[in-house]
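Shown next: upload04.cif, given as mmCIF, C-alpha atoms.
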```
data_run
loop_
_atom_site.label_atom_id
_atom_site.label_comp_id
_atom_site.auth_asym_id
_atom_site.auth_seq_id
_atom_site.Cartn_x
_atom_site.Cartn_y
_atom_site.Cartn_z
CA MET A 73 -12.42 -26.19 -9.42
CA SER A 74 -11.10 -24.46 -12.53
CA ASP A 75 -7.73 -22.75 -12.38
CA LYS A 76 -9.23 -19.74 -14.21
CA VAL A 77 -11.25 -17.03 -12.48
CA ALA A 78 -13.51 -14.36 -13.97
CA VAL A 79 -14.89 -11.27 -12.24
CA VAL A 80 -18.09 -9.84 -13.71
CA THR A 81 -19.59 -6.59 -12.45
CA GLY A 82 -23.31 -5.89 -12.68
CA ALA A 83 -23.77 -9.66 -12.74
CA ALA A 84 -27.05 -10.07 -10.87
CA ARG A 85 -29.21 -9.86 -13.98
CA GLY A 86 -29.34 -9.25 -17.72
CA ILE A 87 -26.17 -9.07 -19.78
CA GLY A 88 -23.91 -9.42 -16.74
CA LEU A 89 -25.61 -12.61 -15.62
CA ALA A 90 -25.47 -14.07 -19.14
CA ILE A 91 -21.73 -13.34 -19.22
CA ALA A 92 -21.22 -14.95 -15.82
CA GLU A 93 -23.16 -18.04 -16.89
CA ARG A 94 -21.10 -18.29 -20.08
CA PHE A 95 -17.87 -18.21 -18.06
CA LEU A 96 -19.25 -20.96 -15.81
CA ALA A 97 -20.13 -23.03 -18.88
CA ASP A 98 -16.56 -22.54 -20.10
CA GLY A 99 -15.19 -23.89 -16.82
CA TYR A 100 -14.24 -20.69 -15.02
CA CYS A 101 -14.78 -19.90 -11.39
CA VAL A 102 -16.84 -16.71 -11.36
CA ALA A 103 -17.21 -13.81 -8.95
CA LEU A 104 -20.49 -11.96 -9.43
CA LEU A 105 -20.33 -8.33 -8.25
CA ASP A 106 -23.45 -6.17 -8.02
CA ILE A 107 -24.76 -3.26 -5.97
CA ASP A 108 -28.28 -4.77 -5.84
CA ALA A 109 -27.86 -7.11 -2.87
CA GLN A 110 -31.37 -8.56 -3.02
CA THR A 111 -31.25 -9.50 -6.70
CA LEU A 112 -27.69 -10.76 -6.29
CA GLN A 113 -28.76 -13.07 -3.48
CA GLN A 114 -31.65 -14.37 -5.58
CA THR A 115 -29.31 -15.01 -8.49
CA ALA A 116 -26.79 -16.79 -6.27
CA ALA A 117 -29.60 -18.94 -4.83
CA ARG A 118 -30.78 -19.84 -8.31
CA LEU A 119 -27.27 -20.86 -9.33
CA GLY A 120 -27.09 -23.03 -6.21
CA THR A 121 -24.45 -23.60 -3.58
CA ARG A 122 -21.30 -24.34 -5.55
CA PRO A 123 -17.58 -23.79 -4.95
CA ASP A 124 -17.00 -22.06 -8.29
CA VAL A 125 -19.39 -19.12 -7.64
CA LEU A 126 -18.89 -16.14 -5.32
CA ALA A 127 -21.47 -13.36 -4.99
CA VAL A 128 -20.16 -10.06 -3.63
CA GLU A 129 -22.18 -6.90 -3.03
CA CYS A 130 -20.18 -4.02 -4.48
CA ASP A 131 -20.61 -0.42 -5.61
CA VAL A 132 -18.09 -0.13 -8.44
CA ALA A 133 -17.94 3.66 -8.01
CA ASP A 134 -16.72 3.36 -4.40
CA PRO A 135 -12.94 2.70 -4.19
CA PRO A 136 -12.92 1.04 -0.72
CA ARG A 137 -15.80 -1.28 -1.66
CA VAL A 138 -14.09 -2.23 -4.91
CA ALA A 139 -10.89 -3.02 -3.00
CA ASN A 140 -12.82 -5.10 -0.47
CA ALA A 141 -14.62 -7.01 -3.22
CA VAL A 142 -11.39 -7.86 -5.01
CA ASP A 143 -9.84 -8.95 -1.69
CA ALA A 144 -12.80 -11.29 -1.22
CA VAL A 145 -12.28 -12.75 -4.69
CA VAL A 146 -8.59 -13.34 -4.05
CA ALA A 147 -9.31 -14.86 -0.64
CA ARG A 148 -11.76 -17.31 -2.24
CA PHE A 149 -10.10 -18.14 -5.56
CA GLY A 150 -6.50 -16.93 -5.28
CA ARG A 151 -6.28 -15.34 -8.71
CA ILE A 152 -8.10 -13.35 -11.43
CA ASP A 153 -7.78 -14.11 -15.14
CA ALA A 154 -10.66 -12.14 -16.64
CA LEU A 155 -12.51 -8.97 -15.67
CA VAL A 156 -15.70 -7.82 -17.36
CA ASN A 157 -16.68 -4.26 -16.49
CA ASN A 158 -20.38 -4.54 -17.19
CA ALA A 159 -22.02 -2.56 -14.34
CA GLY A 160 -23.71 0.56 -15.62
CA ILE A 161 -26.65 2.89 -15.18
CA ALA A 162 -28.63 5.10 -17.53
CA ILE A 163 -30.56 8.32 -17.10
CA PHE A 164 -32.46 9.33 -20.22
CA LYS A 165 -33.28 13.04 -20.17
CA PRO A 166 -32.91 16.05 -22.48
CA ILE A 167 -29.58 17.85 -22.09
CA LEU A 168 -31.10 20.92 -20.45
CA ASP A 169 -33.07 18.80 -17.98
CA THR A 170 -30.11 16.63 -16.90
CA SER A 171 -28.79 17.81 -13.54
CA PHE A 172 -25.12 17.84 -12.66
CA ASP A 173 -25.79 15.24 -9.97
CA GLU A 174 -27.36 12.92 -12.55
CA TRP A 175 -24.48 13.54 -14.96
CA SER A 176 -21.95 12.82 -12.22
CA GLN A 177 -23.73 9.66 -11.08
CA VAL A 178 -23.77 8.15 -14.57
CA LEU A 179 -20.11 8.94 -15.18
CA SER A 180 -19.14 7.65 -11.74
CA VAL A 181 -20.63 4.22 -12.38
CA ASN A 182 -20.08 3.86 -16.12
CA LEU A 183 -16.59 5.34 -16.38
CA CYS A 184 -15.03 5.54 -12.93
CA GLY A 185 -16.29 2.03 -12.14
CA PRO A 186 -14.28 0.33 -14.92
CA PHE A 187 -11.27 2.48 -14.02
CA LEU A 188 -11.42 1.46 -10.35
CA CYS A 189 -12.13 -2.22 -10.99
CA THR A 190 -9.28 -2.44 -13.49
CA GLN A 191 -6.92 -0.72 -11.07
CA ALA A 192 -7.86 -3.26 -8.41
CA CYS A 193 -7.84 -6.42 -10.56
CA ALA A 194 -4.85 -5.83 -12.83
CA PRO A 195 -2.18 -6.27 -10.10
CA VAL A 196 -3.80 -9.61 -9.18
CA MET A 197 -3.75 -10.70 -12.83
CA LEU A 198 -0.08 -9.83 -13.14
CA LYS A 199 0.85 -12.22 -10.34
CA THR A 200 -0.17 -15.14 -12.55
CA GLY A 201 1.08 -13.79 -15.89
CA GLY A 202 -1.68 -11.51 -17.10
CA GLY A 203 -5.24 -11.84 -18.32
CA SER A 204 -8.02 -10.20 -20.27
CA ILE A 205 -10.34 -7.28 -19.53
CA VAL A 206 -13.52 -6.49 -21.46
CA ASN A 207 -15.36 -3.21 -20.92
CA ILE A 208 -19.05 -3.19 -21.83
CA ALA A 209 -19.80 0.11 -23.55
CA SER A 210 -22.77 0.69 -25.86
CA ILE A 211 -23.63 1.60 -29.40
CA SER A 212 -24.54 4.94 -27.77
CA GLY A 213 -20.81 5.48 -27.30
CA LEU A 214 -20.29 5.25 -31.07
CA ARG A 215 -23.25 7.27 -32.30
CA ALA A 216 -25.14 10.08 -30.60
CA SER A 217 -28.83 9.74 -29.89
CA THR A 218 -31.62 11.63 -28.19
CA LEU A 219 -31.82 11.82 -24.36
CA ARG A 220 -28.43 10.18 -23.80
CA VAL A 221 -26.10 13.06 -23.01
CA ALA A 222 -24.75 11.44 -19.82
CA TYR A 223 -25.08 7.80 -20.85
CA GLY A 224 -23.69 8.21 -24.37
CA THR A 225 -20.82 10.41 -23.21
CA SER A 226 -19.88 7.95 -20.47
CA LYS A 227 -19.81 5.08 -22.96
CA ALA A 228 -17.79 7.05 -25.51
CA ALA A 229 -15.29 7.83 -22.77
CA LEU A 230 -15.21 4.15 -21.79
CA ILE A 231 -14.29 3.23 -25.36
CA HIS A 232 -11.32 5.59 -25.16
CA LEU A 233 -10.42 4.36 -21.68
CA THR A 234 -10.26 0.88 -23.22
CA LYS A 235 -7.60 2.10 -25.66
CA GLN A 236 -5.61 3.78 -22.89
CA GLN A 237 -5.72 0.63 -20.79
CA ALA A 238 -4.82 -1.58 -23.74
CA VAL A 239 -1.75 0.48 -24.64
CA GLU A 240 -0.27 0.37 -21.15
CA LEU A 241 -1.49 -2.96 -19.81
CA GLY A 242 -0.80 -4.80 -23.06
CA ASN A 243 2.89 -4.26 -22.38
CA VAL A 244 2.66 -6.42 -19.26
CA GLY A 245 0.36 -9.15 -20.56
CA ILE A 246 -3.17 -7.87 -20.00
CA ARG A 247 -5.32 -7.42 -23.10
CA VAL A 248 -8.15 -4.88 -22.87
CA ASN A 249 -11.01 -4.74 -25.34
CA CYS A 250 -14.53 -3.36 -25.50
CA VAL A 251 -17.93 -4.67 -26.54
CA ALA A 252 -20.52 -2.12 -27.65
CA PRO A 253 -23.96 -3.76 -27.62
CA GLY A 254 -26.81 -2.43 -29.68
CA PRO A 255 -30.40 -2.87 -28.46
CA VAL A 256 -30.56 -6.09 -26.43
CA ASP A 257 -33.66 -8.01 -25.41
CA THR A 258 -33.43 -7.73 -21.63
CA ALA A 259 -36.14 -7.49 -18.98
CA MET A 260 -35.30 -3.78 -18.61
CA ALA A 261 -35.68 -3.16 -22.35
CA ALA A 262 -39.02 -4.94 -22.30
CA GLN A 263 -40.22 -2.55 -19.59
CA VAL A 264 -39.04 0.74 -21.11
CA HIS A 265 -39.24 0.12 -24.88
CA SER A 266 -42.74 0.62 -26.20
CA ALA A 267 -44.03 -1.27 -29.22
CA ASP A 268 -43.33 1.82 -31.34
CA ILE A 269 -39.73 2.03 -30.11
CA ARG A 270 -39.16 -1.67 -30.79
CA THR A 271 -40.54 -1.30 -34.31
CA SER A 272 -38.26 1.68 -34.94
CA TYR A 273 -35.23 -0.27 -33.77
CA HIS A 274 -36.17 -3.20 -35.97
CA ASP A 275 -36.37 -0.82 -38.92
CA ALA A 276 -32.95 0.68 -38.11
CA ILE A 277 -31.09 -2.61 -37.51
CA PRO A 278 -30.19 -4.50 -40.71
CA LEU A 279 -30.77 -7.86 -39.00
CA ASN A 280 -34.27 -6.58 -38.04
CA ARG A 281 -34.22 -7.69 -34.42
CA TYR A 282 -32.80 -7.03 -30.98
CA GLY A 283 -29.72 -8.90 -29.84
CA THR A 284 -29.80 -11.44 -27.02
CA THR A 285 -27.83 -11.45 -23.81
CA GLN A 286 -26.26 -14.73 -24.92
CA GLU A 287 -24.92 -13.07 -28.08
CA ILE A 288 -23.21 -10.40 -26.00
CA ALA A 289 -21.82 -13.10 -23.70
CA ASP A 290 -20.46 -15.02 -26.70
CA ALA A 291 -18.55 -11.94 -27.86
CA VAL A 292 -17.08 -11.43 -24.39
CA ALA A 293 -16.10 -15.09 -24.14
CA PHE A 294 -14.29 -14.84 -27.47
CA LEU A 295 -12.36 -11.72 -26.46
CA CYS A 296 -11.28 -13.39 -23.21
CA SER A 297 -10.19 -16.59 -24.96
CA GLU A 298 -6.91 -17.66 -26.51
CA ARG A 299 -8.54 -17.29 -29.92
CA ALA A 300 -8.35 -13.51 -29.37
CA ARG A 301 -4.77 -13.53 -28.07
CA PHE A 302 -3.60 -10.86 -30.55
CA ILE A 303 -6.67 -8.62 -30.22
CA ASN A 304 -6.08 -5.61 -27.97
CA GLY A 305 -7.56 -2.13 -27.72
CA GLN A 306 -10.50 -2.88 -30.01
CA THR A 307 -14.21 -2.09 -29.79
CA LEU A 308 -16.53 -4.76 -31.15
CA ALA A 309 -20.03 -3.51 -31.93
CA VAL A 310 -22.44 -6.39 -31.32
CA ASP A 311 -25.44 -4.62 -32.81
CA GLY A 312 -26.82 -6.44 -35.84
CA GLY A 313 -25.34 -3.76 -38.11
CA PHE A 314 -27.02 -0.83 -36.36
CA ASP A 315 -23.87 1.33 -36.33
CA ALA A 316 -22.92 0.36 -39.88
CA ALA A 317 -26.31 1.43 -41.19
CA GLY A 318 -25.78 5.05 -40.16
CA VAL A 319 -28.72 7.25 -41.05
CA GLY A 320 -31.51 4.88 -42.05
CA LEU A 321 -34.69 5.59 -43.97
CA PRO A 322 -37.19 2.80 -43.29
CA SER A 323 -39.33 3.86 -46.24
CA LEU A 324 -36.42 3.22 -48.62
CA ARG A 325 -35.50 -0.08 -47.00
CA SER A 326 -39.08 -1.31 -47.15
CA ALA A 327 -39.16 -0.48 -50.87
CA GLN A 328 -36.11 -2.62 -51.64
CA ASP A 329 -36.77 -5.62 -53.84
CA ILE A 330 -34.20 -8.18 -52.66
#
```

Show this structure as structure tokens.
Amino acid sequence: MSDKVAVVTGAARGIGLAIAERFLADGYCVALLDIDAQTLQQTAARLGTRPDVLAVECDVADPPRVANAVDAVVARFGRIDALVNNAGIAIFKPILDTSFDEWSQVLSVNLCGPFLCTQACAPVMLKTGGGSIVNIASISGLRASTLRVAYGTSKAALIHLTKQQAVELGNVGIRVNCVAPGPVDTAMAAQVHSADIRTSYHDAIPLNRYGTTQEIADAVAFLCSERARFINGQTLAVDGGFDAAGVGLPSLRSAQDI
């Protein structure tokens, strides 16, 4: 087996699974953590029985379960070199309709989860000289948008948490960076984004399309690699130019003669 180990949270499907598969392709042993036990088992079965994969049911917002999951990773692989804090949830409601319980739940998973997982994994990384952590935020953490008061705020806070972690952990050999995906073509997006929403996103994104889970995974793989060895505390928007475009007027863009 590889002498490098990656831990990916929210790895049963979508972006997390694509990241896990990219690490496997790069020769890592990979621990897949997810709260959805059924989907996690199905994913593990699809990957097949192999010594370089460990599936662990884990609620990243629950400190004892995070500690137990990391113990299981160490018992199996003996070390951790990369952590990707990908697990997250979203509740899309108007501000005045968002309950405190919903607000708290989103922040617990999206912000407290990366805090807890980093606290648990970093000491293990230090035993073998350090490592790399990538937090998966969102373009919603860089620009406000409708119905995302809890989600957007949690991702903006995660971007700042990345900087805090990078400043302190960089001193001891652990780089911490952040990827902020724009709209990504996942099964969940296909279910909740209507044809009108997809058209609007295409109009707003200079590359005129959604991203793919593989493109997010490629960015994470780069940030965890030696090629990024002097990159620390940064947020990389993988969004086709969505954030750079700012306020867009489709009627003006469609009138351009390029």

Would you kindly translate the PyMOL selection byres ((chain A and resi 229-240) around 10) into the concrete residues it picks from this file, as a PyMOL selection string?
-> chain A and resi 179+182-187+190-191+204-210+213-214+223-228+241-252+303-307

Could you state the separation of atom CA of Thr121 of chain A and atom CA of Ala92 of chain A in Å, given to one decimal place?
-> 15.3 Å

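Put simply, the PyMOL selection byres ((chain A and resi 98-104) around 8) in this file takes in Met73, Ser74, Asp75, Lys76, Val77, Ala78, Val79, Val80, Thr81, Gly82, Ala83, Ala84, Ala92, Arg94, Phe95, Leu96, Ala97, Leu105, Asp106, Leu112, Asp124, Val125, Leu126, Ala127, Val128, Val145 and Phe149 of chain A.
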
Straight-line distance linking atom CA of Ala291 of chain A with atom CA of Ala116 of chain A, stated in Å to one decimal =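 Interatomic distance here is 23.6 Å.
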
Just how far from atom CA of Pro255 of chain A is atom CA of Ala276 of chain A, in Å to one decimal?
->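 These two atoms are separated by 10.6 Å.
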
Excluding segment 165-176 of chain A and any residue of its chain fewer than 4 positions from it, enumerate the residues within 7 Å of it, using all atoms listed in the file, and give them as a VMD selection string.
-> chain A and resid 180 219 to 222

Any chance you could work out the residue set of the PyMOL selection byres ((chain A and resi 314) around 8) here, as a compact mmCIF listing (two decimals) with C-alpha atoms, in the coordinates of the input?
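Ended up saving to selection_6.txt:
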```
# COMPACT_ATOMS: atom_id res chain seq x y z
CA GLY A 254 -26.81 -2.43 -29.68
CA ALA A 276 -32.95 0.68 -38.11
CA ILE A 277 -31.09 -2.61 -37.51
CA PRO A 278 -30.19 -4.50 -40.71
CA ASP A 311 -25.44 -4.62 -32.81
CA GLY A 312 -26.82 -6.44 -35.84
CA GLY A 313 -25.34 -3.76 -38.11
CA ASP A 315 -23.87 1.33 -36.33
CA ALA A 316 -22.92 0.36 -39.88
CA ALA A 317 -26.31 1.43 -41.19
CA GLY A 318 -25.78 5.05 -40.16
```

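Proximity of A:Gly120, A:Arg151, A:Ser266, A:Ala300 to Gly202 of chain A, computed with only C-alpha atoms, is greatest for A:Arg151.
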
Hey, which of A:Leu155, A:Ala147, A:Leu308, A:Met260 ends up closest to Thr285 of chain A? Count only C-alpha atoms.
->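 Checking each of A:Leu155, A:Ala147, A:Leu308, A:Met260 against Thr285 of chain A, counting only C-alpha atoms, the winner is A:Met260.
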
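Using all atoms listed in the file, the nearest neighbour of Ile87 of chain A within the list A:Cys130, A:Val156, A:Cys193, A:Leu295 is A:Val156.
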
Top pick for closest residue to Ala162 of chain A, considering A:Arg85, A:Ser212, A:Cys189, A:Ala133 and counting only C-alpha atoms =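 Looking at the shortest contact to Ala162 of chain A, the residue is A:Ser212.
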